[in-house]
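J.: Next comes the structure file coords37.csv, holding CSV, C-alpha atoms.
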```
chain,number,residue,atom,x,y,z
A,1,MET,CA,-5.2,14.9,-30.7
A,2,TRP,CA,-7.0,15.2,-27.4
A,3,SER,CA,-6.6,11.6,-26.3
A,4,SER,CA,-3.2,10.0,-25.6
A,5,ASP,CA,-4.6,6.7,-26.7
A,6,GLU,CA,-5.7,6.7,-30.4
A,7,LEU,CA,-8.8,4.7,-31.2
A,8,PHE,CA,-8.9,2.4,-34.2
A,9,PHE,CA,-11.5,0.7,-36.3
A,10,ARG,CA,-11.7,-3.0,-35.7
A,11,ASN,CA,-10.4,-5.6,-38.1
A,12,PHE,CA,-13.5,-6.4,-40.1
A,13,ALA,CA,-12.1,-9.5,-41.8
A,14,GLU,CA,-11.5,-11.1,-38.4
A,15,LEU,CA,-14.8,-9.8,-37.1
A,16,LYS,CA,-16.7,-12.0,-39.5
A,17,ASN,CA,-15.7,-14.9,-37.3
A,18,TYR,CA,-18.1,-13.6,-34.6
A,19,GLN,CA,-21.2,-13.5,-36.8
A,20,TYR,CA,-24.2,-15.3,-35.5
A,21,ASP,CA,-24.3,-19.1,-35.9
A,22,ASP,CA,-27.8,-20.6,-35.7
A,23,GLU,CA,-26.3,-24.1,-35.4
A,24,LYS,CA,-28.6,-25.2,-38.3
A,25,ILE,CA,-31.8,-24.5,-36.2
A,26,SER,CA,-33.6,-21.6,-38.0
A,27,THR,CA,-36.1,-19.5,-36.0
A,28,ILE,CA,-37.7,-16.2,-36.5
A,29,THR,CA,-35.2,-14.7,-34.0
A,30,SER,CA,-32.2,-16.2,-35.7
A,31,ARG,CA,-33.3,-15.2,-39.2
A,32,GLU,CA,-33.8,-11.6,-38.1
A,33,GLN,CA,-30.4,-11.6,-36.4
A,34,ILE,CA,-28.7,-12.9,-39.5
A,35,LYS,CA,-30.6,-10.4,-41.7
A,36,THR,CA,-29.5,-7.5,-39.5
A,37,GLU,CA,-25.9,-8.7,-39.4
A,38,SER,CA,-25.9,-8.9,-43.2
A,39,SER,CA,-27.0,-5.3,-43.5
A,40,VAL,CA,-24.3,-4.2,-41.0
A,41,GLU,CA,-21.7,-6.3,-42.9
A,42,LYS,CA,-22.5,-4.3,-46.1
A,43,CYS,CA,-21.8,-1.1,-44.2
A,44,TYR,CA,-18.5,-2.4,-42.9
A,45,ASP,CA,-17.5,-3.8,-46.3
A,46,ARG,CA,-18.2,-0.5,-47.9
A,47,PHE,CA,-16.0,1.3,-45.4
A,48,VAL,CA,-13.1,-1.1,-46.0
A,49,GLN,CA,-13.3,-0.5,-49.7
A,50,THR,CA,-13.6,3.3,-49.6
A,51,GLN,CA,-11.7,4.4,-46.4
A,52,PHE,CA,-8.5,5.3,-48.3
A,53,VAL,CA,-10.2,7.1,-51.2
A,54,ASN,CA,-13.1,8.8,-49.4
A,55,PRO,CA,-11.9,11.4,-46.8
A,56,ARG,CA,-15.4,11.5,-45.4
A,57,ALA,CA,-15.6,7.8,-44.7
A,58,THR,CA,-14.6,8.3,-41.0
A,59,GLN,CA,-16.5,11.6,-40.5
A,60,LEU,CA,-19.7,12.4,-38.6
A,61,ASN,CA,-22.0,14.2,-41.1
A,62,ARG,CA,-22.2,17.2,-38.8
A,63,VAL,CA,-23.5,19.8,-41.3
A,64,GLN,CA,-26.1,17.5,-42.7
A,65,HIS,CA,-27.4,16.6,-39.2
A,66,GLN,CA,-27.5,20.2,-38.2
A,67,GLN,CA,-29.5,21.1,-41.3
A,68,TYR,CA,-31.9,18.2,-40.6
A,69,LEU,CA,-32.5,19.4,-37.0
A,70,ASP,CA,-33.0,23.0,-38.1
A,71,LEU,CA,-35.6,22.0,-40.7
A,72,MET,CA,-37.4,19.7,-38.3
A,73,LEU,CA,-37.7,22.3,-35.6
A,74,ARG,CA,-39.3,24.8,-38.0
A,75,LYS,CA,-41.7,22.4,-39.6
A,76,LEU,CA,-42.4,18.7,-39.0
A,77,PRO,CA,-43.3,16.5,-41.9
A,78,SER,CA,-46.8,15.0,-42.1
A,79,ASN,CA,-45.6,11.5,-41.0
A,80,TYR,CA,-45.1,13.0,-37.5
A,81,GLU,CA,-48.8,13.4,-37.1
A,82,CYS,CA,-48.7,10.2,-35.0
A,83,LEU,CA,-46.6,12.1,-32.4
A,84,ASP,CA,-49.1,14.9,-31.9
A,85,SER,CA,-49.2,13.9,-28.2
A,86,SER,CA,-45.4,14.0,-28.0
A,87,ARG,CA,-44.6,17.4,-29.3
A,88,PRO,CA,-42.4,18.4,-26.3
A,89,TRP,CA,-40.4,15.3,-27.0
A,90,CYS,CA,-39.7,16.3,-30.6
A,91,ILE,CA,-38.5,19.7,-29.3
A,92,TYR,CA,-36.2,18.0,-26.7
A,93,TRP,CA,-34.8,15.5,-29.2
A,94,ILE,CA,-33.9,18.4,-31.5
A,95,LEU,CA,-32.5,20.7,-28.9
A,96,GLN,CA,-30.4,18.0,-27.2
A,97,SER,CA,-29.0,16.7,-30.6
A,98,ALA,CA,-28.1,20.3,-31.6
A,99,GLN,CA,-26.3,20.9,-28.3
A,100,LEU,CA,-24.2,17.8,-28.8
A,101,LEU,CA,-23.3,19.0,-32.2
A,102,ASN,CA,-22.5,22.4,-30.8
A,103,PHE,CA,-25.2,24.0,-32.9
A,104,ASP,CA,-27.2,26.9,-31.6
A,105,PHE,CA,-30.6,28.2,-32.8
A,106,ASP,CA,-31.2,31.9,-33.0
A,107,GLU,CA,-32.8,33.7,-30.0
A,108,GLN,CA,-36.2,34.3,-31.7
A,109,THR,CA,-36.6,30.6,-32.6
A,110,LEU,CA,-35.8,29.6,-29.0
A,111,ASP,CA,-38.2,32.2,-27.7
A,112,ASN,CA,-40.9,30.7,-30.0
A,113,VAL,CA,-40.1,27.3,-28.5
A,114,VAL,CA,-40.6,28.6,-25.0
A,115,GLN,CA,-43.9,30.2,-25.9
A,116,PHE,CA,-45.1,27.0,-27.5
A,117,LEU,CA,-44.2,24.9,-24.4
A,118,ILE,CA,-46.1,27.4,-22.2
A,119,LYS,CA,-49.1,26.5,-24.3
A,120,CYS,CA,-48.5,22.8,-23.5
A,121,ARG,CA,-48.5,23.5,-19.7
A,122,ALA,CA,-51.6,22.1,-18.1
A,123,PRO,CA,-53.7,24.0,-15.6
A,124,THR,CA,-53.1,21.1,-13.1
A,125,GLY,CA,-49.3,21.6,-13.4
A,126,GLY,CA,-46.9,19.7,-15.5
A,127,PHE,CA,-47.0,19.6,-19.3
A,128,GLY,CA,-49.2,17.8,-21.8
A,129,GLY,CA,-48.1,16.4,-25.2
A,130,GLY,CA,-49.5,19.5,-26.9
A,131,PRO,CA,-51.6,22.5,-26.3
A,132,GLY,CA,-54.8,21.7,-24.4
A,133,GLN,CA,-53.7,18.1,-23.6
A,134,TYR,CA,-53.7,16.5,-20.1
A,135,ALA,CA,-50.6,16.7,-18.1
A,136,HIS,CA,-48.4,13.6,-18.5
A,137,LEU,CA,-45.0,12.8,-16.9
A,138,ALA,CA,-43.3,11.9,-20.1
A,139,PRO,CA,-43.8,15.2,-22.0
A,140,THR,CA,-43.3,17.0,-18.7
A,141,TYR,CA,-39.8,15.5,-18.5
A,142,ALA,CA,-39.2,16.5,-22.2
A,143,ALA,CA,-40.5,20.0,-21.6
A,144,VAL,CA,-38.5,20.6,-18.5
A,145,ASN,CA,-35.3,19.3,-20.2
A,146,SER,CA,-35.9,21.5,-23.2
A,147,LEU,CA,-36.5,24.6,-21.2
A,148,CYS,CA,-33.4,24.0,-19.1
A,149,ILE,CA,-31.4,23.5,-22.3
A,150,ILE,CA,-32.6,26.9,-23.6
A,151,GLY,CA,-31.7,28.3,-20.1
A,152,THR,CA,-33.2,31.8,-20.4
A,153,GLN,CA,-35.1,33.6,-17.7
A,154,SER,CA,-38.4,33.1,-19.7
A,155,ALA,CA,-37.6,29.4,-20.2
A,156,TYR,CA,-37.1,28.8,-16.4
A,157,GLN,CA,-40.2,30.8,-15.6
A,158,ALA,CA,-42.2,28.7,-18.0
A,159,ILE,CA,-41.6,25.6,-15.8
A,160,ASP,CA,-43.7,27.1,-12.9
A,161,ARG,CA,-42.2,24.8,-10.3
A,162,GLU,CA,-44.9,25.3,-7.7
A,163,SER,CA,-47.6,23.8,-10.0
A,164,LEU,CA,-45.1,21.2,-11.2
A,165,ILE,CA,-44.7,20.0,-7.6
A,166,LYS,CA,-48.5,19.7,-7.2
A,167,PHE,CA,-48.7,17.7,-10.4
A,168,LEU,CA,-46.0,15.3,-9.2
A,169,PHE,CA,-47.9,14.7,-6.0
A,170,SER,CA,-51.1,14.1,-8.0
A,171,VAL,CA,-49.6,11.1,-9.9
A,172,ARG,CA,-47.8,9.6,-6.9
A,173,ASP,CA,-49.1,6.3,-5.5
A,174,ASP,CA,-48.9,5.3,-1.8
A,175,ASP,CA,-46.1,2.8,-2.5
A,176,GLY,CA,-43.8,5.4,-3.9
A,177,SER,CA,-44.5,4.6,-7.6
A,178,PHE,CA,-45.7,7.1,-10.1
A,179,ARG,CA,-48.4,7.0,-12.7
A,180,LEU,CA,-47.6,8.7,-16.0
A,181,HIS,CA,-50.8,10.7,-15.7
A,182,VAL,CA,-53.7,10.8,-13.3
A,183,ASP,CA,-55.4,7.4,-13.3
A,184,GLY,CA,-52.8,6.2,-15.8
A,185,GLU,CA,-50.4,3.3,-16.0
A,186,THR,CA,-47.6,2.8,-13.5
A,187,ASP,CA,-44.0,2.0,-14.6
A,188,VAL,CA,-40.4,3.0,-13.8
A,189,ARG,CA,-40.5,5.7,-16.5
A,190,GLY,CA,-42.9,7.6,-14.4
A,191,ALA,CA,-40.6,7.5,-11.4
A,192,TYR,CA,-37.6,8.5,-13.4
A,193,CYS,CA,-39.4,11.5,-15.1
A,194,ALA,CA,-40.7,12.7,-11.7
A,195,ILE,CA,-37.3,12.4,-10.0
A,196,SER,CA,-35.5,14.0,-12.9
A,197,CYS,CA,-37.9,17.0,-13.0
A,198,ALA,CA,-37.8,17.5,-9.3
A,199,LYS,CA,-34.0,17.2,-9.0
A,200,LEU,CA,-33.4,19.4,-12.1
A,201,THR,CA,-35.6,22.2,-10.7
A,202,ASN,CA,-34.0,21.9,-7.3
A,203,VAL,CA,-37.1,21.1,-5.4
A,204,PRO,CA,-36.4,21.6,-1.6
A,205,GLU,CA,-35.2,18.6,0.3
A,206,SER,CA,-38.2,18.6,2.6
A,207,VAL,CA,-40.5,18.3,-0.3
A,208,LEU,CA,-38.3,15.7,-2.0
A,209,SER,CA,-38.4,13.5,1.1
A,210,GLU,CA,-42.2,13.4,1.2
A,211,LEU,CA,-42.6,13.1,-2.6
A,212,PHE,CA,-40.2,10.1,-2.9
A,213,THR,CA,-40.9,8.2,0.2
A,214,GLY,CA,-40.8,4.5,-0.7
A,215,THR,CA,-39.8,5.3,-4.4
A,216,ALA,CA,-36.3,3.8,-4.2
A,217,GLU,CA,-37.7,0.5,-2.7
A,218,TRP,CA,-40.4,0.3,-5.5
A,219,ILE,CA,-37.8,0.9,-8.2
A,220,ALA,CA,-35.5,-1.7,-6.7
A,221,SER,CA,-38.4,-4.2,-6.9
A,222,CYS,CA,-38.4,-3.8,-10.7
A,223,GLN,CA,-35.0,-5.4,-11.0
A,224,THR,CA,-35.2,-8.8,-12.5
A,225,TYR,CA,-33.3,-12.1,-12.0
A,226,GLU,CA,-31.3,-11.2,-15.1
A,227,GLY,CA,-29.9,-8.0,-13.4
A,228,GLY,CA,-31.7,-5.4,-15.5
A,229,PHE,CA,-34.9,-3.5,-14.7
A,230,GLY,CA,-38.4,-4.2,-16.1
A,231,GLY,CA,-41.0,-1.5,-16.4
A,232,ALA,CA,-42.7,-2.7,-13.2
A,233,PRO,CA,-42.2,-5.7,-10.8
A,234,ASP,CA,-42.1,-9.1,-12.5
A,235,LEU,CA,-41.6,-7.7,-16.1
A,236,GLU,CA,-38.8,-8.5,-18.5
A,237,ALA,CA,-35.5,-6.5,-18.2
A,238,HIS,CA,-35.3,-3.8,-20.8
A,239,GLY,CA,-32.6,-1.3,-21.7
A,240,GLY,CA,-34.8,1.8,-21.5
A,241,TYR,CA,-36.4,0.8,-18.2
A,242,THR,CA,-33.0,-0.2,-16.8
A,243,PHE,CA,-31.6,3.3,-17.4
A,244,CYS,CA,-34.7,4.8,-15.8
A,245,GLY,CA,-34.2,2.5,-12.8
A,246,ILE,CA,-30.5,3.1,-12.0
A,247,ALA,CA,-30.6,6.8,-13.0
A,248,SER,CA,-33.5,7.2,-10.5
A,249,LEU,CA,-31.7,5.4,-7.8
A,250,ALA,CA,-28.5,7.4,-8.4
A,251,LEU,CA,-30.4,10.7,-8.3
A,252,LEU,CA,-31.9,9.6,-5.0
A,253,ASN,CA,-28.5,8.5,-3.8
A,254,GLN,CA,-29.9,5.1,-3.1
A,255,ALA,CA,-28.3,2.9,-5.7
A,256,ASP,CA,-27.4,0.4,-2.9
A,257,LYS,CA,-31.0,-0.6,-3.0
A,258,CYS,CA,-30.4,-2.7,-6.1
A,259,ASN,CA,-27.9,-5.5,-7.1
A,260,LYS,CA,-25.4,-3.3,-8.9
A,261,LYS,CA,-23.0,-6.1,-9.9
A,262,ALA,CA,-25.8,-8.1,-11.5
A,263,LEU,CA,-27.0,-4.9,-13.2
A,264,LEU,CA,-23.5,-4.2,-14.6
A,265,GLN,CA,-23.2,-7.8,-15.9
A,266,TRP,CA,-26.5,-7.6,-17.6
A,267,THR,CA,-25.8,-4.2,-19.3
A,268,LEU,CA,-22.3,-5.3,-20.5
A,269,ARG,CA,-23.9,-8.4,-22.2
A,270,ARG,CA,-26.1,-6.1,-24.3
A,271,GLN,CA,-23.2,-5.0,-26.5
A,272,MET,CA,-23.3,-7.0,-29.7
A,273,ILE,CA,-20.0,-8.6,-30.6
A,274,TYR,CA,-20.3,-8.2,-34.3
A,275,GLU,CA,-22.4,-5.0,-34.7
A,276,GLY,CA,-20.7,-3.1,-31.9
A,277,GLY,CA,-24.0,-1.4,-30.8
A,278,PHE,CA,-26.3,-2.4,-28.1
A,279,GLN,CA,-29.5,-4.5,-28.0
A,280,GLY,CA,-32.2,-3.5,-25.5
A,281,ARG,CA,-33.2,-7.0,-24.3
A,282,THR,CA,-31.8,-10.5,-24.4
A,283,ASN,CA,-32.0,-12.1,-27.8
A,284,LYS,CA,-33.1,-8.9,-29.5
A,285,LEU,CA,-31.6,-6.9,-32.4
A,286,VAL,CA,-29.1,-4.1,-32.2
A,287,ASP,CA,-30.7,-0.6,-32.1
A,288,GLY,CA,-29.0,2.7,-32.2
A,289,CYS,CA,-31.1,4.2,-29.4
A,290,TYR,CA,-29.6,1.9,-26.8
A,291,SER,CA,-26.3,3.6,-27.4
A,292,PHE,CA,-27.6,5.9,-24.8
A,293,TRP,CA,-30.1,3.9,-22.7
A,294,VAL,CA,-27.6,1.1,-22.1
A,295,GLY,CA,-24.4,3.0,-22.9
A,296,ALA,CA,-25.2,5.5,-20.1
A,297,THR,CA,-26.3,2.9,-17.7
A,298,ILE,CA,-22.8,1.3,-17.7
A,299,PRO,CA,-20.8,4.3,-16.4
A,300,ILE,CA,-23.6,5.3,-14.0
A,301,THR,CA,-23.5,1.8,-12.5
A,302,GLN,CA,-19.7,1.8,-12.5
A,303,ALA,CA,-19.8,5.2,-10.7
A,304,THR,CA,-22.2,3.9,-8.0
A,305,LEU,CA,-19.9,0.8,-7.4
A,306,ILE,CA,-16.8,2.9,-7.1
A,307,GLY,CA,-18.3,5.7,-4.9
A,308,ALA,CA,-18.0,9.4,-5.0
A,309,GLU,CA,-14.5,9.5,-3.6
A,310,LYS,CA,-12.9,7.8,-6.6
A,311,SER,CA,-12.7,8.6,-10.3
A,312,MET,CA,-13.5,6.0,-12.9
A,313,GLU,CA,-10.4,4.9,-14.7
A,314,LYS,CA,-11.9,2.8,-17.4
A,315,THR,CA,-15.3,2.5,-19.1
A,316,LEU,CA,-16.1,-1.2,-19.3
A,317,PHE,CA,-17.9,-1.3,-22.6
A,318,ASP,CA,-16.1,-1.1,-26.0
A,319,VAL,CA,-16.3,2.6,-26.9
A,320,GLU,CA,-14.6,2.1,-30.2
A,321,ALA,CA,-17.1,-0.5,-31.4
A,322,LEU,CA,-20.1,1.6,-30.4
A,323,GLN,CA,-18.8,4.7,-32.2
A,324,GLU,CA,-18.0,2.5,-35.2
A,325,TYR,CA,-21.5,1.2,-35.4
A,326,ILE,CA,-23.0,4.7,-35.2
A,327,LEU,CA,-20.6,6.3,-37.7
A,328,LEU,CA,-20.7,3.5,-40.3
A,329,CYS,CA,-24.2,2.1,-40.0
A,330,CYS,CA,-26.5,4.7,-38.5
A,331,GLN,CA,-25.9,8.0,-40.4
A,332,LYS,CA,-28.1,9.2,-43.3
A,333,ALA,CA,-26.3,11.1,-46.0
A,334,ASN,CA,-29.0,13.8,-46.0
A,335,GLY,CA,-28.9,14.2,-42.2
A,336,GLY,CA,-30.4,12.4,-39.2
A,337,LEU,CA,-29.5,9.1,-37.7
A,338,ILE,CA,-31.3,5.7,-37.5
A,339,ASP,CA,-31.9,2.5,-35.6
A,340,LYS,CA,-30.1,0.2,-37.9
A,341,PRO,CA,-29.2,0.0,-41.7
A,342,GLY,CA,-32.3,0.2,-43.9
A,343,LYS,CA,-34.4,2.2,-41.5
A,344,PRO,CA,-35.5,5.9,-42.0
A,345,GLN,CA,-34.0,8.7,-40.0
A,346,ASP,CA,-36.1,10.1,-37.1
A,347,LEU,CA,-35.6,12.6,-34.3
A,348,TYR,CA,-35.7,10.0,-31.5
A,349,HIS,CA,-32.8,7.9,-32.9
A,350,THR,CA,-30.9,11.0,-33.9
A,351,CYS,CA,-31.0,12.2,-30.3
A,352,TYR,CA,-30.1,8.9,-28.6
A,353,THR,CA,-27.5,7.7,-31.0
A,354,LEU,CA,-25.6,11.1,-30.7
A,355,SER,CA,-26.1,11.0,-26.9
A,356,GLY,CA,-24.6,7.5,-26.9
A,357,VAL,CA,-21.6,8.6,-28.9
A,358,SER,CA,-21.1,11.5,-26.4
A,359,ILE,CA,-21.3,9.0,-23.5
A,360,ALA,CA,-18.7,6.8,-25.3
A,361,GLN,CA,-16.4,9.7,-25.9
A,362,HIS,CA,-16.6,11.4,-22.5
A,363,SER,CA,-17.5,8.8,-19.9
A,364,GLU,CA,-13.9,8.4,-18.7
A,365,SER,CA,-12.8,12.0,-19.0
A,366,ALA,CA,-14.4,15.2,-20.3
A,367,MET,CA,-10.9,16.7,-20.9
A,368,GLN,CA,-9.6,13.7,-22.8
A,369,PRO,CA,-12.4,12.4,-25.0
A,370,GLN,CA,-12.0,9.1,-26.8
A,371,VAL,CA,-12.9,10.0,-30.4
A,372,LEU,CA,-13.0,7.4,-33.2
A,373,GLY,CA,-12.2,8.5,-36.7
A,374,ASP,CA,-11.9,12.1,-37.7
A,375,LEU,CA,-11.1,14.3,-34.7
A,376,ARG,CA,-13.9,16.6,-35.8
A,377,ASN,CA,-16.3,13.8,-34.7
A,378,GLU,CA,-16.0,14.9,-31.1
A,379,LEU,CA,-19.4,15.8,-29.6
A,380,LEU,CA,-20.0,17.9,-26.5
A,381,PRO,CA,-20.6,16.0,-23.3
A,382,THR,CA,-24.0,15.1,-21.9
A,383,HIS,CA,-25.0,14.6,-18.3
A,384,PRO,CA,-25.6,10.8,-18.0
A,385,LEU,CA,-28.4,11.1,-15.5
A,386,PHE,CA,-30.5,13.9,-17.2
A,387,ASN,CA,-29.2,13.7,-20.8
A,388,ILE,CA,-28.9,17.4,-21.2
A,389,PRO,CA,-25.6,19.4,-21.3
A,390,PRO,CA,-23.8,19.5,-17.9
A,391,LYS,CA,-23.7,23.3,-18.1
A,392,SER,CA,-27.5,23.3,-18.5
A,393,VAL,CA,-27.8,21.2,-15.3
A,394,ALA,CA,-25.5,23.5,-13.4
A,395,ALA,CA,-27.3,26.6,-14.6
A,396,ALA,CA,-30.8,25.2,-13.8
A,397,LEU,CA,-29.7,24.1,-10.3
A,398,HIS,CA,-28.3,27.6,-9.7
A,399,TYR,CA,-31.4,29.4,-10.9
A,400,PHE,CA,-33.8,27.2,-8.9
A,401,SER,CA,-31.7,27.4,-5.8
A,402,ASN,CA,-32.7,31.0,-5.6
A,403,THR,CA,-36.4,30.1,-5.5
A,404,SER,CA,-36.2,27.1,-3.2
A,405,SER,CA,-37.7,28.9,-0.2
A,406,GLN,CA,-40.8,29.9,-2.2
A,407,ASP,CA,-41.9,26.2,-2.7
A,408,ALA,CA,-40.7,24.8,0.6
A,409,GLY,CA,-44.3,24.7,1.8
A,410,CYS,CA,-45.6,22.8,-1.3
A,411,SER,CA,-46.5,19.3,-0.5
A,412,ASN,CA,-49.4,16.8,-0.8
A,413,SER,CA,-51.4,18.9,1.6
A,414,THR,CA,-51.5,22.0,-0.6
```
Could you write out this file's structure as structure tokens?
T.:
Amino acid sequence: MWSSDELFFRNFAELKNYQYDDEKISTITSREQIKTESSVEKCYDRFVQTQFVNPRATQLNRVQHQQYLDLMLRKLPSNYECLDSSRPWCIYWILQSAQLLNFDFDEQTLDNVVQFLIKCRAPTGGFGGGPGQYAHLAPTYAAVNSLCIIGTQSAYQAIDRESLIKFLFSVRDDDGSFRLHVDGETDVRGAYCAISCAKLTNVPESVLSELFTGTAEWIASCQTYEGGFGGAPDLEAHGGYTFCGIASLALLNQADKCNKKALLQWTLRRQMIYEGGFQGRTNKLVDGCYSFWVGATIPITQATLIGAEKSMEKTLFDVEALQEYILLCCQKANGGLIDKPGKPQDLYHTCYTLSGVSIAQHSESAMQPQVLGDLRNELLPTHPLFNIPPKSVAAALHYFSNTSSQDAGCSNST
């Protein structure tokens, strides 16, 4: 076994003592929480009854998940029509999930993906949600991540960093915030997507300085009294926006702009005592996707508190309970992962539940992962700031370091 400290499943009989008590005051929120806990309880009870007779009870359904991803990359079902403006996202969710499972697609398939993403590139720079669509920061982030995961010469060239920089300047506001598209809405997702794309493509420091002047201050203004980040100033703290906020500040090396201790306290409170997974907001239900959004925020915040000179000795959230929730409650037998019991599988939750498990396993040490259940459940590590493989980050930075001088003159004035 890799880890010197074996992980164990919790005592589910004792755990029932921590189920929600509405104190005889029934509300919509309390009824939904009790309903969700009941569905989770059935999963845990089933595990208790079958763990000694079913050798797969503690296993990640790796083969089924790989088959699901392979099928979805080649042909999306009709119910994905609503994501026609998010097609680079579908590609990213599939490629990232496959990487975590150590599953590779053949070269021809990946080349087809590159050619498709080139069709999504907008004349103004950046990427749209599909061929012929307007450039938008969200699919731009997904496309850049996807192309860096593929990591071939043609994939890197498909990014076209010079036009990407021009697009990033076109959606920047004077206060340092970013609109998701020209004349679009402003929120912290835009800032994160812009920063991530610029950093991953190794945009020259002179350009970064101009592009992100005031951005850290604007992001810090999105932190709420609770400690998490809202989508914009004066909005409710939310797990997804919180990740975008602290990841952005960490990438800019300006995490001191926010209240890190309050942030850490807020994120730690999002882990549900009974379910083991994370909720995204106060008084909301557990959701598998926050395994990454909140799960990654915790070690990022811890790292910024410790500083670059020291290594993190202990992850502060319960990595056993999180893996337990994903393994026992969020897997579909025919492949794919879900939000919570009773929900259908989808690419989004498949990506972020697996990413969260990877964070839980590797956040303390990549050489000694903390794996719950079957040792074959170990996933490959993911970079907590970009959510692509660390090797992909290193390769992209190396490739674009050789082209830095070409774009050094790109700025708002070009």
J.: What are the closest atom pairs, with distances in Å to one decimal, for all residues of range 252-367 of chain A lying within 6 Å of range 64-79 of chain A? Consider all atoms listed in the file, order rows by chain and residue number, and present the result as a Markdown table.
T.:
```
| residue | atom | partner | partner_atom | distance |
| --- | --- | --- | --- | --- |
| A:Asn334 | CA | A:Gln64 | CA | 5.7 |
| A:Gly335 | CA | A:His65 | CA | 4.1 |
| A:Gly336 | CA | A:His65 | CA | 5.2 |
```
J.: Near range 245-257 of chain A, counting all atoms listed in the file, which residues have an atom at most 6 Å away, once you skip same-chain residues fewer than 6 positions from it, shown as a PyMOL selection string?
T.: chain A and resi 192+220+385
J.: Which residue, A:Ala262, A:Cys90, A:Val393, A:Val63, has the smallest gap to Cys197 in chain A when you use all atoms listed in the file?
T.: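 For Cys197 in chain A, the nearest of the given residues is A:Val393.
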J.: Pull the neighbourhood of (-46.8, 26.3, -10.3) for me: all residues within 10 Å in file coordinates, counting all atoms listed in the file, as a list in words.
T.: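 The answer, in the requested form, is Arg121, Pro123, Thr124, Gly125, Gly126, Gln157, Ala158, Ile159, Asp160, Arg161, Glu162, Ser163, Leu164, Ile165, Lys166, Phe167, Asp407 and Cys410 of chain A.
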J.: List as a list in words the residues having at least one atom at most 10 Å from position (-12.5, 11.5, -31.2) as given in the file, counting all atoms listed in the file.
T.: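 Counting all atoms listed in the file, I find these residues within 10 Å of (-12.5, 11.5, -31.2): Met1, Trp2, Ser3, Glu6, Leu7, Glu320, Gln323, Val357, Ser358, Ala360, Gln361, His362, Gln368, Pro369, Gln370, Val371, Leu372, Gly373, Asp374, Leu375, Arg376, Asn377, Glu378 and Leu379 of chain A.
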J.: Find the residues around Asn17 in chain A up to 12 Å (all atoms listed in the file counted), leave out those fewer than 4 positions away in its own chain, and share them as a list in words.
T.: Asn11, Phe12, Ala13, Asp21, Glu41, Ile273 and Tyr274 of chain A
J.: What is the CA of Asn145 in chain A to CA of Phe292 in chain A distance in Å?
T.: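 CA of Asn145 in chain A sits 16.1 Å away from CA of Phe292 in chain A.
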J.: Using only C-alpha atoms, which residues sit within 8 Å of Phe278 in chain A once same-chain residues fewer than 3 positions away are excluded, as a PyMOL selection string?
T.: chain A and resi 270-272+286-288+290-291+294-295+322
J.: Could you name the residues that touch Gln345 in chain A at 7 Å or less, counting only C-alpha atoms, but leaving out those on the same chain fewer than 2 positions away, as a list in words?
T.: Lys332, Gly336, Leu337, Ile338 and Lys343 of chain A
J.: Neighbouring residues of Cys289 in chain A were defined as those with any atom within 12 Å, considering all atoms listed in the file; residues of the same chain fewer than 3 positions away were excluded. Please report them as a PyMOL selection string.
T.: chain A and resi 93+239-240+277-280+285-286+292-296+322+325-326+330+337-340+345-357
J.: Between CA of Ile300 in chain A and CA of Tyr225 in chain A, what is the spacing in Å?
T.: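 The value is 20.0 Å.
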